[in-house]
file entry_6.txt (compact mmCIF, N, CA and C atoms)
# COMPACT_ATOMS: atom_id res chain seq x y z
N GLN A 1 -8.34 15.06 7.10
CA GLN A 1 -8.29 15.86 5.89
C GLN A 1 -8.59 14.98 4.68
N VAL A 2 -9.53 15.40 3.88
CA VAL A 2 -9.90 14.63 2.70
C VAL A 2 -8.83 14.77 1.64
N GLN A 3 -8.44 13.65 1.07
CA GLN A 3 -7.51 13.66 -0.05
C GLN A 3 -8.13 12.97 -1.24
N LEU A 4 -7.95 13.55 -2.40
CA LEU A 4 -8.51 13.02 -3.63
C LEU A 4 -7.39 12.83 -4.63
N VAL A 5 -7.32 11.64 -5.22
CA VAL A 5 -6.28 11.35 -6.19
C VAL A 5 -6.92 10.83 -7.47
N GLU A 6 -6.72 11.57 -8.54
CA GLU A 6 -7.26 11.17 -9.83
C GLU A 6 -6.26 10.29 -10.58
N SER A 7 -6.80 9.42 -11.42
CA SER A 7 -5.97 8.59 -12.28
C SER A 7 -6.79 8.22 -13.52
N GLY A 8 -6.09 7.66 -14.49
CA GLY A 8 -6.77 7.20 -15.70
C GLY A 8 -6.68 8.15 -16.88
N GLY A 9 -6.05 9.30 -16.67
CA GLY A 9 -5.91 10.22 -17.78
C GLY A 9 -4.91 9.73 -18.79
N GLY A 10 -4.89 10.38 -19.93
CA GLY A 10 -3.98 10.01 -21.00
C GLY A 10 -4.59 10.36 -22.33
N SER A 11 -3.82 10.15 -23.36
CA SER A 11 -4.25 10.52 -24.71
C SER A 11 -5.38 9.64 -25.20
N VAL A 12 -6.32 10.26 -25.87
CA VAL A 12 -7.43 9.53 -26.48
C VAL A 12 -7.75 10.20 -27.81
N GLN A 13 -8.14 9.41 -28.76
CA GLN A 13 -8.50 9.95 -30.07
C GLN A 13 -9.94 10.47 -30.05
N ALA A 14 -10.22 11.40 -30.91
CA ALA A 14 -11.59 11.92 -31.03
C ALA A 14 -12.55 10.76 -31.28
N GLY A 15 -13.65 10.79 -30.56
CA GLY A 15 -14.62 9.71 -30.67
C GLY A 15 -14.37 8.56 -29.72
N GLY A 16 -13.24 8.61 -29.03
CA GLY A 16 -12.86 7.52 -28.14
C GLY A 16 -13.47 7.63 -26.75
N THR A 17 -13.15 6.61 -25.95
CA THR A 17 -13.68 6.49 -24.59
C THR A 17 -12.54 6.38 -23.59
N LEU A 18 -12.75 6.99 -22.43
CA LEU A 18 -11.74 6.95 -21.38
C LEU A 18 -12.46 6.91 -20.04
N ARG A 19 -11.89 6.20 -19.06
CA ARG A 19 -12.47 6.20 -17.73
C ARG A 19 -11.48 6.76 -16.72
N LEU A 20 -11.92 7.76 -16.01
CA LEU A 20 -11.12 8.37 -14.95
C LEU A 20 -11.57 7.84 -13.60
N SER A 21 -10.63 7.79 -12.67
CA SER A 21 -10.93 7.37 -11.31
C SER A 21 -10.53 8.46 -10.33
N CYS A 22 -11.30 8.54 -9.25
CA CYS A 22 -10.99 9.48 -8.18
C CYS A 22 -11.06 8.71 -6.87
N ALA A 23 -9.90 8.46 -6.27
CA ALA A 23 -9.84 7.73 -5.01
C ALA A 23 -9.80 8.71 -3.86
N ALA A 24 -10.73 8.55 -2.94
CA ALA A 24 -10.84 9.45 -1.79
C ALA A 24 -10.32 8.77 -0.53
N SER A 25 -9.65 9.53 0.29
CA SER A 25 -9.17 9.01 1.56
C SER A 25 -9.19 10.13 2.60
N GLY A 26 -8.99 9.74 3.85
CA GLY A 26 -8.90 10.73 4.91
C GLY A 26 -10.23 11.02 5.58
N TYR A 27 -11.24 10.25 5.24
CA TYR A 27 -12.51 10.44 5.92
C TYR A 27 -13.28 9.14 5.91
N THR A 28 -14.11 8.99 6.88
CA THR A 28 -15.02 7.84 6.90
C THR A 28 -16.11 8.09 5.88
N HIS A 29 -16.32 7.07 5.05
CA HIS A 29 -17.28 7.27 3.97
C HIS A 29 -18.62 7.72 4.52
N SER A 30 -19.14 8.75 3.94
CA SER A 30 -20.43 9.26 4.35
C SER A 30 -21.05 9.94 3.14
N THR A 31 -22.20 10.47 3.34
CA THR A 31 -22.87 11.08 2.21
C THR A 31 -22.25 12.43 1.92
N ARG A 32 -21.96 12.64 0.68
CA ARG A 32 -21.46 13.93 0.24
C ARG A 32 -21.59 13.99 -1.27
N CYS A 33 -21.34 15.16 -1.81
CA CYS A 33 -21.36 15.33 -3.27
C CYS A 33 -19.93 15.20 -3.78
N LEU A 34 -19.74 14.37 -4.77
CA LEU A 34 -18.44 14.25 -5.44
C LEU A 34 -18.63 14.64 -6.90
N GLY A 35 -17.78 15.53 -7.36
CA GLY A 35 -17.94 16.04 -8.71
C GLY A 35 -16.68 15.94 -9.54
N TRP A 36 -16.87 15.93 -10.85
CA TRP A 36 -15.76 16.00 -11.81
C TRP A 36 -15.80 17.34 -12.51
N PHE A 37 -14.64 17.94 -12.61
CA PHE A 37 -14.50 19.23 -13.28
C PHE A 37 -13.41 19.13 -14.34
N ARG A 38 -13.35 20.11 -15.20
CA ARG A 38 -12.26 20.17 -16.17
C ARG A 38 -11.93 21.63 -16.45
N GLN A 39 -10.69 21.82 -16.84
CA GLN A 39 -10.25 23.16 -17.23
C GLN A 39 -9.35 23.04 -18.44
N ALA A 40 -9.83 23.58 -19.54
CA ALA A 40 -9.05 23.58 -20.78
C ALA A 40 -8.13 24.79 -20.79
N PRO A 41 -7.05 24.72 -21.54
CA PRO A 41 -6.12 25.86 -21.61
C PRO A 41 -6.82 27.15 -22.01
N GLY A 42 -6.65 28.18 -21.21
CA GLY A 42 -7.23 29.47 -21.53
C GLY A 42 -8.71 29.60 -21.24
N LYS A 43 -9.29 28.58 -20.63
CA LYS A 43 -10.74 28.62 -20.36
C LYS A 43 -11.00 28.49 -18.86
N GLU A 44 -12.21 28.83 -18.48
CA GLU A 44 -12.59 28.71 -17.09
C GLU A 44 -12.88 27.25 -16.73
N ARG A 45 -12.77 26.98 -15.44
CA ARG A 45 -13.11 25.64 -14.95
C ARG A 45 -14.59 25.37 -15.18
N GLU A 46 -14.89 24.13 -15.52
CA GLU A 46 -16.25 23.74 -15.85
C GLU A 46 -16.59 22.44 -15.13
N GLY A 47 -17.72 22.42 -14.44
CA GLY A 47 -18.19 21.17 -13.85
C GLY A 47 -18.87 20.33 -14.91
N VAL A 48 -18.62 19.02 -14.90
CA VAL A 48 -19.20 18.17 -15.93
C VAL A 48 -20.09 17.06 -15.38
N ALA A 49 -19.79 16.56 -14.20
CA ALA A 49 -20.61 15.47 -13.66
C ALA A 49 -20.48 15.46 -12.14
N ALA A 50 -21.54 15.01 -11.48
CA ALA A 50 -21.51 14.92 -10.02
C ALA A 50 -22.42 13.80 -9.55
N ILE A 51 -22.13 13.31 -8.35
CA ILE A 51 -22.93 12.24 -7.79
C ILE A 51 -23.09 12.47 -6.29
N SER A 52 -24.32 12.30 -5.80
CA SER A 52 -24.55 12.31 -4.37
C SER A 52 -24.28 10.90 -3.87
N THR A 53 -23.28 10.72 -3.05
CA THR A 53 -22.85 9.37 -2.70
C THR A 53 -23.87 8.62 -1.86
N GLY A 54 -24.73 9.33 -1.17
CA GLY A 54 -25.73 8.65 -0.35
C GLY A 54 -26.85 8.05 -1.19
N SER A 55 -27.40 8.83 -2.09
CA SER A 55 -28.53 8.38 -2.90
C SER A 55 -28.10 7.76 -4.23
N GLY A 56 -26.90 8.12 -4.68
CA GLY A 56 -26.46 7.68 -6.01
C GLY A 56 -27.01 8.53 -7.13
N ARG A 57 -27.71 9.58 -6.80
CA ARG A 57 -28.27 10.45 -7.85
C ARG A 57 -27.13 11.16 -8.58
N THR A 58 -27.26 11.24 -9.89
CA THR A 58 -26.21 11.82 -10.72
C THR A 58 -26.68 13.08 -11.43
N TYR A 59 -25.71 13.91 -11.76
CA TYR A 59 -25.97 15.17 -12.43
C TYR A 59 -24.92 15.35 -13.52
N TYR A 60 -25.35 15.92 -14.65
CA TYR A 60 -24.43 16.13 -15.77
C TYR A 60 -24.62 17.52 -16.35
N ALA A 61 -23.51 18.09 -16.78
CA ALA A 61 -23.59 19.34 -17.52
C ALA A 61 -24.18 19.07 -18.89
N ASP A 62 -24.85 20.06 -19.44
CA ASP A 62 -25.46 19.88 -20.76
C ASP A 62 -24.42 19.50 -21.81
N SER A 63 -23.21 19.98 -21.65
CA SER A 63 -22.17 19.74 -22.65
C SER A 63 -21.75 18.27 -22.73
N VAL A 64 -22.05 17.47 -21.71
CA VAL A 64 -21.61 16.07 -21.72
C VAL A 64 -22.76 15.08 -21.59
N LYS A 65 -23.98 15.56 -21.48
CA LYS A 65 -25.12 14.65 -21.32
C LYS A 65 -25.20 13.66 -22.47
N GLY A 66 -25.40 12.40 -22.11
CA GLY A 66 -25.53 11.36 -23.12
C GLY A 66 -24.19 10.80 -23.59
N ARG A 67 -23.10 11.32 -23.05
CA ARG A 67 -21.77 10.86 -23.46
C ARG A 67 -20.96 10.43 -22.25
N GLY A 68 -21.47 9.45 -21.57
CA GLY A 68 -20.71 8.91 -20.45
C GLY A 68 -21.48 8.93 -19.15
N THR A 69 -20.82 8.47 -18.10
CA THR A 69 -21.48 8.33 -16.82
C THR A 69 -20.54 8.70 -15.67
N ILE A 70 -21.14 8.95 -14.52
CA ILE A 70 -20.39 9.03 -13.28
C ILE A 70 -20.94 7.94 -12.38
N SER A 71 -20.06 7.23 -11.69
CA SER A 71 -20.49 6.13 -10.85
C SER A 71 -19.56 6.03 -9.64
N GLN A 72 -19.95 5.18 -8.68
CA GLN A 72 -19.14 5.07 -7.47
C GLN A 72 -19.01 3.63 -7.03
N ASP A 73 -17.92 3.36 -6.34
CA ASP A 73 -17.69 2.09 -5.67
C ASP A 73 -17.49 2.43 -4.20
N ASN A 74 -18.52 2.26 -3.42
CA ASN A 74 -18.45 2.67 -2.02
C ASN A 74 -17.39 1.89 -1.24
N ALA A 75 -17.22 0.63 -1.59
CA ALA A 75 -16.24 -0.20 -0.87
C ALA A 75 -14.83 0.33 -1.06
N LYS A 76 -14.59 0.96 -2.20
CA LYS A 76 -13.25 1.48 -2.51
C LYS A 76 -13.15 2.99 -2.31
N ASN A 77 -14.24 3.62 -1.89
CA ASN A 77 -14.25 5.08 -1.76
C ASN A 77 -13.76 5.74 -3.04
N THR A 78 -14.25 5.25 -4.14
CA THR A 78 -13.78 5.72 -5.45
C THR A 78 -14.96 6.11 -6.32
N VAL A 79 -14.79 7.21 -7.03
CA VAL A 79 -15.78 7.66 -8.00
C VAL A 79 -15.15 7.60 -9.38
N TYR A 80 -15.93 7.16 -10.36
CA TYR A 80 -15.44 7.00 -11.72
C TYR A 80 -16.17 7.96 -12.65
N ARG A 81 -15.46 8.35 -13.69
CA ARG A 81 -16.06 9.16 -14.73
C ARG A 81 -15.71 8.50 -16.06
N ARG A 82 -16.72 7.92 -16.70
CA ARG A 82 -16.54 7.32 -18.02
C ARG A 82 -16.90 8.37 -19.06
N MET A 83 -15.98 8.69 -19.93
CA MET A 83 -16.19 9.72 -20.94
C MET A 83 -16.21 9.07 -22.31
N GLU A 84 -17.26 9.30 -23.04
CA GLU A 84 -17.44 8.70 -24.36
C GLU A 84 -17.49 9.77 -25.44
N SER A 85 -17.22 9.34 -26.66
CA SER A 85 -17.29 10.24 -27.82
C SER A 85 -16.55 11.55 -27.55
N GLN A 86 -15.32 11.41 -27.12
CA GLN A 86 -14.53 12.59 -26.78
C GLN A 86 -14.26 13.47 -28.00
N LYS A 87 -14.20 14.78 -27.74
CA LYS A 87 -13.96 15.75 -28.80
C LYS A 87 -12.62 16.45 -28.53
N PRO A 88 -11.93 16.90 -29.57
CA PRO A 88 -10.65 17.59 -29.37
C PRO A 88 -10.77 18.80 -28.44
N GLU A 89 -11.87 19.51 -28.52
CA GLU A 89 -12.05 20.69 -27.66
C GLU A 89 -12.25 20.34 -26.19
N GLU A 90 -12.34 19.06 -25.90
CA GLU A 90 -12.45 18.61 -24.52
C GLU A 90 -11.10 18.24 -23.91
N THR A 91 -10.06 18.55 -24.63
CA THR A 91 -8.72 18.44 -24.05
C THR A 91 -8.63 19.36 -22.84
N ALA A 92 -8.27 18.79 -21.69
CA ALA A 92 -8.30 19.58 -20.46
C ALA A 92 -7.62 18.83 -19.33
N LEU A 93 -7.44 19.54 -18.25
CA LEU A 93 -7.05 18.94 -16.98
C LEU A 93 -8.35 18.57 -16.28
N TYR A 94 -8.51 17.30 -15.98
CA TYR A 94 -9.72 16.83 -15.32
C TYR A 94 -9.42 16.55 -13.85
N TYR A 95 -10.26 17.03 -12.97
CA TYR A 95 -10.04 16.75 -11.57
C TYR A 95 -11.35 16.60 -10.82
N CYS A 96 -11.27 15.94 -9.70
CA CYS A 96 -12.46 15.70 -8.91
C CYS A 96 -12.44 16.56 -7.66
N ALA A 97 -13.63 16.72 -7.09
CA ALA A 97 -13.78 17.55 -5.90
C ALA A 97 -14.85 16.93 -5.00
N ALA A 98 -14.71 17.15 -3.71
CA ALA A 98 -15.65 16.60 -2.75
C ALA A 98 -16.32 17.72 -1.96
N GLY A 99 -17.60 17.55 -1.74
CA GLY A 99 -18.34 18.51 -0.94
C GLY A 99 -18.25 18.18 0.53
N ALA A 100 -18.96 18.93 1.32
CA ALA A 100 -18.91 18.77 2.77
C ALA A 100 -19.51 17.44 3.20
N ASN A 101 -19.05 16.98 4.36
CA ASN A 101 -19.57 15.76 4.95
C ASN A 101 -21.06 15.88 5.21
N ARG A 102 -21.76 14.76 5.01
CA ARG A 102 -23.21 14.70 5.25
C ARG A 102 -23.98 15.62 4.32
N GLY A 103 -23.40 15.89 3.20
CA GLY A 103 -24.09 16.74 2.23
C GLY A 103 -24.54 15.94 1.02
N ARG A 104 -25.11 16.65 0.09
CA ARG A 104 -25.53 16.06 -1.17
C ARG A 104 -25.37 17.10 -2.25
N CYS A 105 -25.41 16.67 -3.48
CA CYS A 105 -25.30 17.62 -4.59
C CYS A 105 -26.55 18.48 -4.64
N ARG A 106 -26.36 19.71 -4.99
CA ARG A 106 -27.50 20.60 -5.17
C ARG A 106 -28.20 20.25 -6.47
N PRO A 107 -29.51 20.19 -6.49
CA PRO A 107 -30.21 19.89 -7.74
C PRO A 107 -30.13 21.03 -8.74
N THR A 108 -29.91 22.24 -8.25
CA THR A 108 -29.68 23.38 -9.14
C THR A 108 -28.33 23.98 -8.77
N ASP A 109 -27.71 24.64 -9.72
CA ASP A 109 -26.39 25.21 -9.48
C ASP A 109 -25.46 24.12 -8.92
N THR A 110 -25.53 22.95 -9.50
CA THR A 110 -24.85 21.76 -8.97
C THR A 110 -23.36 21.94 -8.86
N PHE A 111 -22.76 22.63 -9.82
CA PHE A 111 -21.30 22.69 -9.89
C PHE A 111 -20.73 23.98 -9.30
N SER A 112 -21.50 24.66 -8.51
CA SER A 112 -21.02 25.88 -7.87
C SER A 112 -19.82 25.55 -6.99
N PRO A 113 -18.66 26.15 -7.28
CA PRO A 113 -17.42 25.78 -6.57
C PRO A 113 -17.46 25.88 -5.05
N PRO A 114 -18.14 26.86 -4.45
CA PRO A 114 -18.07 26.97 -2.99
C PRO A 114 -18.55 25.74 -2.23
N GLN A 115 -19.39 24.92 -2.84
CA GLN A 115 -19.87 23.76 -2.09
C GLN A 115 -18.84 22.63 -2.06
N PHE A 116 -17.81 22.75 -2.84
CA PHE A 116 -16.77 21.71 -2.88
C PHE A 116 -15.58 22.16 -2.05
N THR A 117 -15.30 21.39 -1.02
CA THR A 117 -14.30 21.80 -0.03
C THR A 117 -12.94 21.16 -0.20
N SER A 118 -12.86 20.10 -1.01
CA SER A 118 -11.60 19.42 -1.24
C SER A 118 -11.44 19.15 -2.73
N TRP A 119 -10.21 19.34 -3.23
CA TRP A 119 -9.94 19.21 -4.66
C TRP A 119 -8.71 18.34 -4.87
N GLY A 120 -8.76 17.54 -5.93
CA GLY A 120 -7.60 16.77 -6.33
C GLY A 120 -6.65 17.60 -7.19
N GLN A 121 -5.55 16.99 -7.59
CA GLN A 121 -4.55 17.68 -8.40
C GLN A 121 -4.83 17.60 -9.89
N GLY A 122 -5.62 16.65 -10.27
CA GLY A 122 -6.02 16.56 -11.67
C GLY A 122 -5.23 15.55 -12.48
N THR A 123 -5.80 15.18 -13.61
CA THR A 123 -5.15 14.28 -14.56
C THR A 123 -5.42 14.82 -15.96
N GLN A 124 -4.37 14.84 -16.79
CA GLN A 124 -4.48 15.42 -18.11
C GLN A 124 -5.15 14.46 -19.09
N VAL A 125 -6.01 15.02 -19.93
CA VAL A 125 -6.65 14.23 -20.98
C VAL A 125 -6.53 15.00 -22.29
N PRO A 126 -5.53 14.67 -23.10
CA PRO A 126 -5.45 15.27 -24.43
C PRO A 126 -6.30 14.45 -25.41
N VAL A 127 -7.11 15.12 -26.19
CA VAL A 127 -7.94 14.45 -27.19
C VAL A 127 -7.44 14.86 -28.57
N SER A 128 -6.98 13.90 -29.33
CA SER A 128 -6.41 14.20 -30.65
C SER A 128 -7.45 13.99 -31.74
N SER A 129 -7.32 14.81 -32.77
CA SER A 129 -8.29 14.72 -33.87
C SER A 129 -7.82 13.75 -34.93

call {"tool": "encode", "arguments": {"input": "entry_6.txt", "output": "structure tokens"}}
result
Amino acid sequence: QVQLVESGGGSVQAGGTLRLSCAASGYTHSTRCLGWFRQAPGKEREGVAAISTGSGRTYYADSVKGRGTISQDNAKNTVYRRMESQKPEETALYYCAAGANRGRCRPTDTFSPPQFTSWGQGTQVPVSS
């Protein structure tokens, strides 16, 4: 069973930078899509970044393009999300999700929830103005 544990959340000021980590366990590392999502109070869940672990190809939502990166450390089975120039409206619960084994991120409809089969519990990121 795949387990995902997020860390690195915490308060950040508007315009600041934060790096989140997602440690995966319970499976032999293989190619799959790993994504970062967020859900702000009263809003729907939103996918923000994803990476195909086999190719390293990355995908970003338009709302965050140019403001950070998603990266991976295969040796640690960990995916990182560096968030830059944070805005107060980006205060949310951030969590990661993993797609099926031997898969990759879809080039279109990348953040469609059904392709993600395992979800972490999330880490809070309050952004103060």

call {"tool": "closest_residue", "arguments": {"input": "entry_6.txt", "among": "A:Arg67, A:Arg32, A:Lys76, A:Arg57", "to": "Asn101 in chain A", "atoms": "all atoms listed in the file"}}
result
A:Arg32

call {"tool": "select_by_dssp", "arguments": {"input": "entry_6.txt", "residues": "chain A", "states": "strand (DSSP E)", "output": "number ranges by chain"}}
result
A: 3-7, 12-13, 18-25, 33-39, 46-52, 58-60, 68-73, 78-83, 92-99, 116-119, 123-125, 127-128

call {"tool": "atom_distance", "arguments": {"input": "entry_6.txt", "atom1": "CA of Ser129 in chain A", "atom2": "CA of Leu93 in chain A"}}
result
17.5 Å

call {"tool": "residues_around", "arguments": {"input": "entry_6.txt", "residues": "Thr123 in chain A", "least_positions_apart": "6", "cutoff": "5 Å", "atoms": "all atoms listed in the file", "output": "ChimeraX atom specification"}}
result
/A:9,93-95

call {"tool": "residues_around", "arguments": {"input": "entry_6.txt", "residues": "Thr53 in chain A", "least_positions_apart": "2", "cutoff": "7 Å", "atoms": "only C-alpha atoms", "output": "list in words"}}
result
Thr31, Arg32, Cys33, Ile51, Ser55 and Gly56 of chain A

call {"tool": "closest_residue", "arguments": {"input": "entry_6.txt", "among": "A:Gln124, A:Ile70, A:Thr78, A:Tyr60", "to": "Gly8 in chain A", "atoms": "all atoms listed in the file"}}
result
A:Gln124

call {"tool": "residues_around", "arguments": {"input": "entry_6.txt", "residues": "Pro114 in chain A", "least_positions_apart": "3", "cutoff": "8 Å", "atoms": "all atoms listed in the file", "output": "PyMOL selection string"}}
result
chain A and resi 99-100+111+117

call {"tool": "closest_residue", "arguments": {"input": "entry_6.txt", "among": "A:Lys87, A:Arg102, A:Asp109, A:Gly68", "to": "Ser128 in chain A", "atoms": "only C-alpha atoms"}}
result
A:Lys87

call {"tool": "residues_near_point", "arguments": {"input": "entry_6.txt", "point": "(-10.2, 16.3, -25.9)", "cutoff": "10 Å", "atoms": "only C-alpha atoms", "output": "short mmCIF file (atom, residue, chain, number, x, y, z; two decimals) with N, CA and C atoms, in the frame of the given file"}}
result
data_model
loop_
_atom_site.label_atom_id
_atom_site.label_comp_id
_atom_site.auth_asym_id
_atom_site.auth_seq_id
_atom_site.Cartn_x
_atom_site.Cartn_y
_atom_site.Cartn_z
N SER A 11 -3.82 10.15 -23.36
CA SER A 11 -4.25 10.52 -24.71
C SER A 11 -5.38 9.64 -25.20
N VAL A 12 -6.32 10.26 -25.87
CA VAL A 12 -7.43 9.53 -26.48
C VAL A 12 -7.75 10.20 -27.81
N GLN A 13 -8.14 9.41 -28.76
CA GLN A 13 -8.50 9.95 -30.07
C GLN A 13 -9.94 10.47 -30.05
N ALA A 14 -10.22 11.40 -30.91
CA ALA A 14 -11.59 11.92 -31.03
C ALA A 14 -12.55 10.76 -31.28
N GLY A 15 -13.65 10.79 -30.56
CA GLY A 15 -14.62 9.71 -30.67
C GLY A 15 -14.37 8.56 -29.72
N GLY A 16 -13.24 8.61 -29.03
CA GLY A 16 -12.86 7.52 -28.14
C GLY A 16 -13.47 7.63 -26.75
N ALA A 40 -9.83 23.58 -19.54
CA ALA A 40 -9.05 23.58 -20.78
C ALA A 40 -8.13 24.79 -20.79
N SER A 85 -17.22 9.34 -26.66
CA SER A 85 -17.29 10.24 -27.82
C SER A 85 -16.55 11.55 -27.55
N GLN A 86 -15.32 11.41 -27.12
CA GLN A 86 -14.53 12.59 -26.78
C GLN A 86 -14.26 13.47 -28.00
N LYS A 87 -14.20 14.78 -27.74
CA LYS A 87 -13.96 15.75 -28.80
C LYS A 87 -12.62 16.45 -28.53
N PRO A 88 -11.93 16.90 -29.57
CA PRO A 88 -10.65 17.59 -29.37
C PRO A 88 -10.77 18.80 -28.44
N GLU A 89 -11.87 19.51 -28.52
CA GLU A 89 -12.05 20.69 -27.66
C GLU A 89 -12.25 20.34 -26.19
N GLU A 90 -12.34 19.06 -25.90
CA GLU A 90 -12.45 18.61 -24.52
C GLU A 90 -11.10 18.24 -23.91
N THR A 91 -10.06 18.55 -24.63
CA THR A 91 -8.72 18.44 -24.05
C THR A 91 -8.63 19.36 -22.84
N ALA A 92 -8.27 18.79 -21.69
CA ALA A 92 -8.30 19.58 -20.46
C ALA A 92 -7.62 18.83 -19.33
N LEU A 93 -7.44 19.54 -18.25
CA LEU A 93 -7.05 18.94 -16.98
C LEU A 93 -8.35 18.57 -16.28
N GLN A 124 -4.37 14.84 -16.79
CA GLN A 124 -4.48 15.42 -18.11
C GLN A 124 -5.15 14.46 -19.09
N VAL A 125 -6.01 15.02 -19.93
CA VAL A 125 -6.65 14.23 -20.98
C VAL A 125 -6.53 15.00 -22.29
N PRO A 126 -5.53 14.67 -23.10
CA PRO A 126 -5.45 15.27 -24.43
C PRO A 126 -6.30 14.45 -25.41
N VAL A 127 -7.11 15.12 -26.19
CA VAL A 127 -7.94 14.45 -27.19
C VAL A 127 -7.44 14.86 -28.57
N SER A 128 -6.98 13.90 -29.33
CA SER A 128 -6.41 14.20 -30.65
C SER A 128 -7.45 13.99 -31.74
N SER A 129 -7.32 14.81 -32.77
CA SER A 129 -8.29 14.72 -33.87
C SER A 129 -7.82 13.75 -34.93
#

call {"tool": "residues_around", "arguments": {"input": "entry_6.txt", "residues": "Phe37 in chain A", "least_positions_apart": "3", "cutoff": "6.5 Å", "atoms": "only N, CA and C atoms", "output": "MDAnalysis selection string"}}
result
chainID A and resid 45:49 93:97

call {"tool": "atom_distance", "arguments": {"input": "entry_6.txt", "atom1": "CA of Ser118 in chain A", "atom2": "CA of Ala98 in chain A"}}
result
5.2 Å

call {"tool": "select_by_dssp", "arguments": {"input": "entry_6.txt", "residues": "range 14-119 of chain A", "states": "helix (DSSP H, G or I)", "output": "list in words"}}
result
Asn74, Ala75, Lys76, Pro88, Glu89, Glu90, Pro113, Pro114 and Gln115 of chain A

call {"tool": "atom_distance", "arguments": {"input": "entry_6.txt", "atom1": "CA of Gln3 in chain A", "atom2": "CA of Gly120 in chain A"}}
result
7.0 Å

call {"tool": "closest_residue", "arguments": {"input": "entry_6.txt", "among": "A:Arg81, A:Gln115, A:Gly54, A:Thr69", "to": "Ser30 in chain A", "atoms": "only C-alpha atoms"}}
result
A:Gly54
